[in-house]
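> I'm passing along structure-v2.txt; it holds compact mmCIF, C-alpha atoms.
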# COMPACT_ATOMS: atom_id res chain seq x y z
CA MET M 238 0.00 0.00 0.00
CA ARG M 239 2.89 2.36 0.78
CA GLN M 240 4.44 1.74 -2.65
CA VAL M 241 1.14 2.51 -4.34
CA LEU M 242 0.90 5.75 -2.36
CA ASP M 243 4.42 6.80 -3.38
CA VAL M 244 3.68 6.18 -7.06
CA LEU M 245 0.35 7.98 -7.00
CA GLN M 246 1.75 11.00 -5.18
CA ASP M 247 4.19 11.56 -8.05
CA SER M 248 1.47 11.07 -10.68
CA THR M 249 0.10 13.98 -12.70
CA ILE M 250 -3.07 12.14 -13.74
CA ALA M 251 -5.22 13.47 -10.95
CA SER M 252 -6.87 16.85 -11.25
CA LYS M 253 -5.39 19.39 -8.84
CA SER M 254 -8.39 21.70 -8.61
CA GLY M 255 -11.33 21.33 -6.29
CA LYS M 256 -10.15 18.22 -4.47
CA ASP M 257 -8.11 17.58 -1.38
CA ASN M 258 -5.12 15.26 -1.34
CA ARG M 259 -7.09 12.29 -0.02
CA SER M 260 -9.79 12.39 -2.68
CA ARG M 261 -7.18 12.93 -5.40
CA PHE M 262 -5.27 9.93 -4.16
CA TRP M 263 -8.25 7.57 -4.28
CA GLY M 264 -9.34 8.94 -7.64
CA VAL M 265 -5.95 8.19 -9.17
CA TYR M 266 -5.83 4.87 -7.31
CA LYS M 267 -9.07 3.77 -8.95
CA ARG M 268 -7.78 4.62 -12.41
CA VAL M 269 -4.52 2.73 -11.90
CA ALA M 270 -6.37 -0.21 -10.31
CA GLU M 271 -8.83 -0.38 -13.21
CA GLU M 272 -5.99 -0.49 -15.71
CA HIS M 273 -4.13 -3.18 -13.77
CA ASP M 274 -7.22 -5.30 -13.13
CA GLY M 275 -8.26 -5.08 -16.77
CA GLU M 276 -4.94 -6.52 -17.93
CA PHE M 277 -4.92 -9.05 -15.07
CA LEU M 278 -8.41 -10.39 -15.79
CA GLU M 279 -7.91 -10.43 -19.55
CA ARG M 280 -4.68 -12.41 -19.29
CA TYR M 281 -5.92 -15.06 -16.89
CA THR M 282 -9.34 -15.40 -18.50
CA GLY M 283 -7.61 -16.06 -21.82
CA ASP M 284 -5.34 -18.66 -20.19
CA MET M 285 -8.29 -20.47 -18.63
CA ASP M 286 -10.14 -20.49 -21.96
CA ILE M 287 -7.11 -22.05 -23.67
CA VAL M 288 -6.84 -24.72 -20.96
CA LEU M 289 -10.54 -25.58 -21.28
CA VAL M 290 -10.44 -25.89 -25.08
CA PHE M 291 -7.20 -27.85 -25.23
CA SER M 292 -8.10 -30.16 -22.35
CA GLY M 293 -11.45 -30.95 -24.00
CA LEU M 294 -9.83 -31.87 -27.30
CA PHE M 295 -7.00 -33.75 -25.65
CA SER M 296 -9.33 -35.70 -23.36
CA ALA M 297 -11.27 -36.90 -26.40
CA VAL M 298 -8.07 -38.13 -28.06
CA SER M 299 -6.81 -39.75 -24.86
CA THR M 300 -10.15 -41.48 -24.27
CA SER M 301 -10.12 -42.92 -27.80
CA PHE M 302 -6.62 -44.26 -27.20
CA ILE M 303 -7.66 -45.88 -23.92
CA VAL M 304 -10.75 -47.46 -25.49
CA ALA M 305 -8.60 -48.90 -28.29
CA MET M 306 -6.41 -50.61 -25.67
CA GLU M 307 -9.27 -51.88 -23.51
CA SER M 308 -9.35 -55.20 -25.37
CA ASN M 309 -5.89 -56.01 -24.01
CA LEU M 310 -7.21 -55.91 -20.44
CA SER M 311 -10.08 -58.37 -20.94
CA TYR M 312 -10.16 -61.99 -21.98
CA ASP M 313 -11.04 -62.75 -25.60
CA PRO M 314 -13.97 -65.25 -25.72
CA SER M 315 -12.71 -66.59 -29.02
CA ASP M 316 -9.73 -68.05 -27.17
CA THR M 317 -12.09 -70.46 -25.38
CA THR M 318 -13.55 -71.58 -28.71
CA ASN M 319 -10.07 -72.12 -30.14
CA ALA M 320 -9.05 -74.12 -27.07
CA LEU M 321 -12.11 -76.39 -27.36
CA LEU M 322 -11.46 -76.94 -31.06
CA ALA M 323 -7.86 -77.83 -30.33
CA GLN M 324 -9.04 -80.40 -27.76
CA LEU M 325 -11.40 -81.93 -30.30
CA VAL M 326 -8.55 -82.20 -32.81
CA HIS M 327 -6.32 -83.94 -30.26
CA ILE M 328 -9.13 -86.31 -29.30
CA GLY M 329 -9.82 -87.08 -32.96
CA LEU M 330 -6.13 -87.88 -33.48
CA GLY M 331 -6.14 -90.09 -30.40
CA ASN M 332 -3.79 -87.84 -28.48
CA PHE M 333 -5.72 -87.98 -25.22
CA THR M 334 -2.71 -86.92 -23.13
CA ALA M 335 -2.39 -83.58 -24.95
CA ALA M 336 -6.15 -83.07 -24.88
CA GLY M 337 -6.27 -83.69 -21.12
CA SER M 338 -3.40 -81.31 -20.41
CA MET M 339 -5.20 -78.36 -21.98
CA PRO M 340 -7.49 -76.35 -19.66
CA VAL M 341 -11.17 -76.59 -20.40
CA ASP M 342 -11.69 -72.89 -19.58
CA PRO M 343 -8.60 -70.81 -20.47
CA ALA M 344 -10.26 -67.71 -19.01
CA SER M 345 -9.72 -69.10 -15.49
CA THR M 346 -5.95 -68.92 -15.91
CA TRP M 347 -5.75 -65.77 -18.06
CA SER M 348 -4.37 -62.45 -16.80
CA PRO M 349 -3.28 -59.30 -18.69
CA ALA M 350 0.40 -58.81 -19.37
CA PRO M 351 2.21 -56.58 -16.84
CA SER M 352 3.37 -54.26 -19.62
CA VAL M 353 -0.22 -53.72 -20.74
CA VAL M 354 -1.27 -52.84 -17.19
CA ARG M 355 1.56 -50.33 -16.82
CA ILE M 356 0.73 -48.67 -20.14
CA GLN M 357 -2.91 -48.38 -19.14
CA MET M 358 -1.92 -46.88 -15.79
CA VAL M 359 0.07 -44.14 -17.52
CA ALA M 360 -2.73 -43.52 -20.03
CA TYR M 361 -5.36 -43.21 -17.28
CA ALA M 362 -3.05 -40.90 -15.32
CA SER M 363 -2.77 -38.71 -18.42
CA LEU M 364 -6.54 -38.58 -18.83
CA SER M 365 -7.06 -37.85 -15.12
CA MET M 366 -4.64 -34.92 -15.18
CA SER M 367 -6.29 -33.52 -18.29
CA LEU M 368 -9.69 -33.62 -16.60
CA LEU M 369 -8.19 -32.14 -13.43
CA ALA M 370 -6.74 -29.26 -15.47
CA ALA M 371 -10.17 -28.63 -17.01
CA PHE M 372 -11.76 -28.67 -13.56
CA GLY M 373 -9.14 -26.21 -12.30
CA ALA M 374 -9.76 -23.93 -15.28
CA VAL M 375 -13.48 -23.86 -14.48
CA LEU M 376 -12.68 -22.95 -10.87
CA GLY M 377 -10.22 -20.33 -12.07
CA LYS M 378 -12.88 -18.62 -14.21
CA GLN M 379 -15.21 -18.62 -11.19
CA TRP M 380 -12.52 -17.07 -8.98
CA LEU M 381 -11.80 -14.39 -11.56
CA GLY M 382 -15.50 -13.63 -11.92
CA TYR M 383 -15.86 -13.32 -8.15
CA TYR M 384 -12.89 -10.96 -7.94
CA LYS M 385 -14.20 -8.84 -10.82
CA SER M 386 -17.69 -8.46 -9.37
CA ASN M 387 -16.79 -8.11 -5.68
CA ARG M 388 -13.50 -6.21 -5.64
CA TYR M 389 -15.09 -2.80 -4.91
CA GLY M 390 -18.46 -3.45 -3.29
CA ARG M 391 -20.43 -0.47 -2.04
CA GLY M 392 -19.58 2.66 -0.11
CA SER M 393 -17.55 5.80 -0.59
CA GLN M 394 -14.66 6.02 -3.01
CA GLU M 395 -12.17 5.52 -0.19
CA GLU M 396 -14.01 2.49 1.21
CA ARG M 397 -14.26 0.95 -2.25
CA GLY M 398 -10.56 1.50 -2.86
CA LYS M 399 -9.58 -0.04 0.49
CA ARG M 400 -11.82 -3.03 -0.19
CA ARG M 401 -10.24 -3.53 -3.61
CA GLN M 402 -6.75 -3.33 -2.13
CA GLU M 403 -7.73 -5.90 0.48
CA LYS M 404 -8.95 -8.25 -2.26
CA PHE M 405 -5.76 -7.74 -4.26
CA ASP M 406 -3.57 -8.36 -1.20
CA GLY M 407 -5.46 -11.63 -0.76
CA LEU M 408 -4.47 -12.68 -4.28
CA VAL M 409 -0.82 -12.16 -3.40
CA THR M 410 -1.03 -13.74 0.06
CA TRP M 411 -2.74 -16.90 -1.19
CA TYR M 412 -0.47 -17.31 -4.26
CA PHE M 413 -3.32 -16.93 -6.71
CA ASP M 414 -0.89 -16.51 -9.60
CA ALA M 415 0.95 -19.76 -8.83
CA VAL M 416 -2.30 -21.71 -8.35
CA VAL M 417 -3.81 -20.55 -11.63
CA GLN M 418 -0.54 -21.13 -13.49
CA SER M 419 -0.47 -24.72 -12.21
CA PHE M 420 -3.49 -25.69 -14.35
CA PRO M 421 -1.62 -25.40 -17.67
CA VAL M 422 1.25 -27.29 -16.02
CA LEU M 423 -1.11 -30.20 -15.29
CA LEU M 424 -2.14 -30.19 -18.93
CA GLN M 425 1.48 -30.26 -20.07
CA ILE M 426 2.28 -33.16 -17.74
CA SER M 427 -0.78 -34.95 -19.12
CA LEU M 428 0.53 -34.49 -22.65
CA LEU M 429 3.92 -35.92 -21.64
CA LEU M 430 2.32 -38.97 -20.02
CA PHE M 431 0.21 -39.54 -23.12
CA GLY M 432 3.35 -39.49 -25.27
CA ILE M 433 5.00 -42.04 -22.96
CA ALA M 434 1.96 -44.35 -23.01
CA LEU M 435 1.58 -44.09 -26.78
CA SER M 436 5.29 -44.79 -27.31
CA ALA M 437 5.21 -47.85 -25.04
CA HIS M 438 2.07 -49.21 -26.70
CA ILE M 439 3.42 -48.81 -30.24
CA TRP M 440 6.76 -50.26 -29.11
CA CYS M 441 4.98 -53.52 -28.32
CA GLU M 442 3.37 -53.48 -31.76
CA GLN M 443 5.98 -52.10 -34.17
CA PHE M 444 9.48 -50.85 -33.32
CA SER M 445 9.94 -48.63 -36.38
CA ILE M 446 6.81 -46.59 -35.77
CA ALA M 447 7.56 -46.40 -32.05
CA TRP M 448 10.91 -44.72 -32.71
CA VAL M 449 9.17 -41.87 -34.53
CA ILE M 450 6.86 -41.25 -31.57
CA ILE M 451 9.68 -41.60 -29.03
CA ALA M 452 11.90 -39.15 -30.93
CA THR M 453 9.06 -36.61 -31.13
CA THR M 454 8.26 -36.95 -27.41
CA VAL M 455 11.91 -36.64 -26.34
CA PHE M 456 12.47 -33.63 -28.59
CA GLY M 457 9.39 -31.87 -27.17
CA PHE M 458 10.46 -32.61 -23.59
CA LEU M 459 14.02 -31.38 -24.13
CA PHE M 460 12.86 -28.25 -25.93
CA TYR M 461 10.41 -27.41 -23.14
CA SER M 462 13.05 -28.07 -20.46
CA LEU M 463 15.53 -25.76 -22.19
CA THR M 464 12.97 -22.95 -22.42
CA VAL M 465 12.18 -23.30 -18.71
CA MET M 466 15.89 -23.19 -17.81
CA ALA M 467 16.42 -20.14 -20.03
CA CYS M 468 13.53 -18.33 -18.32
CA LEU M 469 14.91 -19.12 -14.87
CA ILE M 470 18.38 -17.87 -15.84
CA SER M 471 17.14 -14.68 -17.49
CA PRO M 472 13.82 -13.09 -16.47
CA ALA M 473 13.95 -11.10 -19.73
CA CYS M 474 13.75 -14.31 -21.78
CA PRO M 475 10.65 -14.18 -24.03
CA PHE M 476 9.95 -17.93 -23.77
CA GLN M 477 7.99 -17.70 -20.52
CA THR M 478 5.98 -20.76 -19.48
CA PRO M 479 3.68 -21.55 -16.53
CA VAL M 480 6.39 -23.80 -15.04
CA SER M 481 9.01 -21.04 -15.11
CA THR M 482 6.52 -18.59 -13.61
CA VAL M 483 5.62 -20.95 -10.75
CA LEU M 484 9.27 -21.81 -10.06
CA ARG M 485 10.21 -18.14 -10.05
CA ILE M 486 7.40 -17.29 -7.62
CA LEU M 487 8.39 -20.13 -5.30
CA GLY M 488 12.06 -19.13 -5.54
CA MET M 489 11.31 -15.50 -4.69
CA ASP M 490 9.16 -16.60 -1.74
CA SER M 491 11.92 -18.85 -0.39
CA LYS M 492 14.45 -16.01 -0.63
CA ILE M 493 12.11 -13.65 1.24
CA SER M 494 11.39 -16.20 3.99
CA SER M 495 15.09 -16.96 4.44
Could I get this structure in the form of structure tokens?


Amino acid sequence: MRQVLDVLQDSTIASKSGKDNRSRFWGVYKRVAEEHDGEFLERYTGDMDIVLVFSGLFSAVSTSFIVAMESNLSYDPSDTTNALLAQLVHIGLGNFTAAGSMPVDPASTWSPAPSVVRIQMVAYASLSMSLLAAFGAVLGKQWLGYYKSNRYGRGSQEERGKRRQEKFDGLVTWYFDAVVQSFPVLLQISLLLFGIALSAHIWCEQFSIAWVIIATTVFGFLFYSLTVMACLISPACPFQTPVSTVLRILGMDSKISS
């Protein structure tokens, strides 16, 4: 609040005639606050819209991928038919020992391969994070709407300004910026997990195609990691990401607390 007062006292925006210093201060404060809040709400509302659209499209793709792999987790009834036919063939050939050694119901001894279970776990984790990011984006839009409609309230110009400053201090105290920036991070982690699951699944099917997917996933991960490191080294770096923003906020907070 003291920094805001120092800036506004040096400002020439306020009219000098017909107003005392206190009313001029709160008049200029409202103008500066409106400009800041407009940019603040526009930026975060746009980010939440992007998260909602991308998470919706990505969840549809991820769900299709999971459904395509569902058959690997359940027993194929045709295997029972094939086993019974094989027994009949052995019996017809007089090979009763081989026919007796085959299980009558192969489904009783069947279980999915461990690799299939692990791939499905990663795929479901990717889908869950995508849905969690969408849920967070919905909450974020609600929080922004609440701040926009309740930041001033009713009362005199001074009371409205103090109420707005109290709301804004709450955003800083409760790390609103870091929380909202974490929703795109969840979406990016979901995309990485999807690339891992898809690479592992195709690896079990066809090595050549899997290498293409693995190379693309690794390149994307390395490129993203380098941009995050560049942003942490130089705050003036233009390749800002939600991860670099969150890490910078946490780093600044740790320095202040120490």

> Need to verify the contact set: Ala270 in chain M, 12 Å, all atoms listed in the file, exclusion of same-chain residues closer than 2 positions in sequence. Can you return it as a PyMOL selection string?

chain M and resi 241+245+262-268+272-278+385+388-389+397-402+404-405

> I'd like the neighbourhood of Ala370 in chain M as a PyMOL selection string, where a residue qualifies if any of its atoms comes within 6 Å (using only C-alpha atoms), though same-chain residues fewer than 5 positions away should be ignored.

chain M and resi 420+423-424

> Of the candidates M:Leu289, M:Leu459, M:Met366, M:Val359, which shows the shortest atom-to-atom distance to Phe431 in chain M, using all atoms listed in the file?

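With all atoms listed in the file as the atom set, the closest residue is M:Val359.
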
> Quick one, how far is CA of Thr464 in chain M from CA of Thr482 in chain M?

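Taking CA of Thr464 in chain M and CA of Thr482 in chain M, their separation equals 11.8 Å.
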
> Please compute the CA of Thr410 in chain M-CA of Leu376 in chain M distance, one decimal, in Å.

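So the answer is 18.4 Å.
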
> Rank nothing, just name the residue among M:Leu429, M:Ala437, M:Val354, M:Leu487 nearest to Val455 in chain M, using all atoms listed in the file.

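Nearest to Val455 in chain M: M:Leu429.
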
> Tell me which residues come within 7 Å of (-14.0, -20.6, -16.2), as a PyMOL selection string, counting only C-alpha atoms in the file's coordinates.

chain M and resi 285-286+374-379

> Just the number, please: distance in Å from CA of Ala305 in chain M to CA of Ser367 in chain M, one decimal.

18.5 Å

> Of the candidates M:Thr478, M:Asn387, M:Ser260, M:Ser363, which one gets nearest to Asp284 in chain M if we count only C-alpha atoms?

M:Thr478

> Point out the residue among M:Ile450, M:Leu294, M:Ile470, M:Val288 with the least atom-to-atom distance to Ala434 in chain M, counting all atoms listed in the file.

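Result for the nearest residue to Ala434 in chain M: M:Ile450.
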
> Out of M:Ser301, M:Asn258, M:Ser462, M:Ser365, which residue has the shortest atom-to-atom distance to Leu435 in chain M when counting only C-alpha atoms?

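Of M:Ser301, M:Asn258, M:Ser462, M:Ser365, the one nearest Leu435 in chain M, counting only C-alpha atoms, is M:Ser301.
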
> Name the closest residue to Gln394 in chain M among the candidates M:Ala362, M:Val449, M:Arg261, M:Gln357; distances are taken between atoms, counting only C-alpha atoms.

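Checking each candidate against Gln394 in chain M, we get M:Arg261 as the closest.
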
> Do a neighbour search on Thr454 in chain M at 8 Å with all atoms listed in the file, toss out local chain neighbours closer than 3 positions, and write the hits as a ChimeraX atom specification.

/M:429,432-433,450-451,457-458

> Find the axis-aligned box for range 427-437 of chain M, covering all its listed atoms and adding 6 Å on each side, and write its centre and edge lengths in Å to one decimal as AutoDock Vina command-line options.


--center_x 2.3 --center_y -41.2 --center_z -23.2 --size_x 18.1 --size_y 25.4 --size_z 20.2
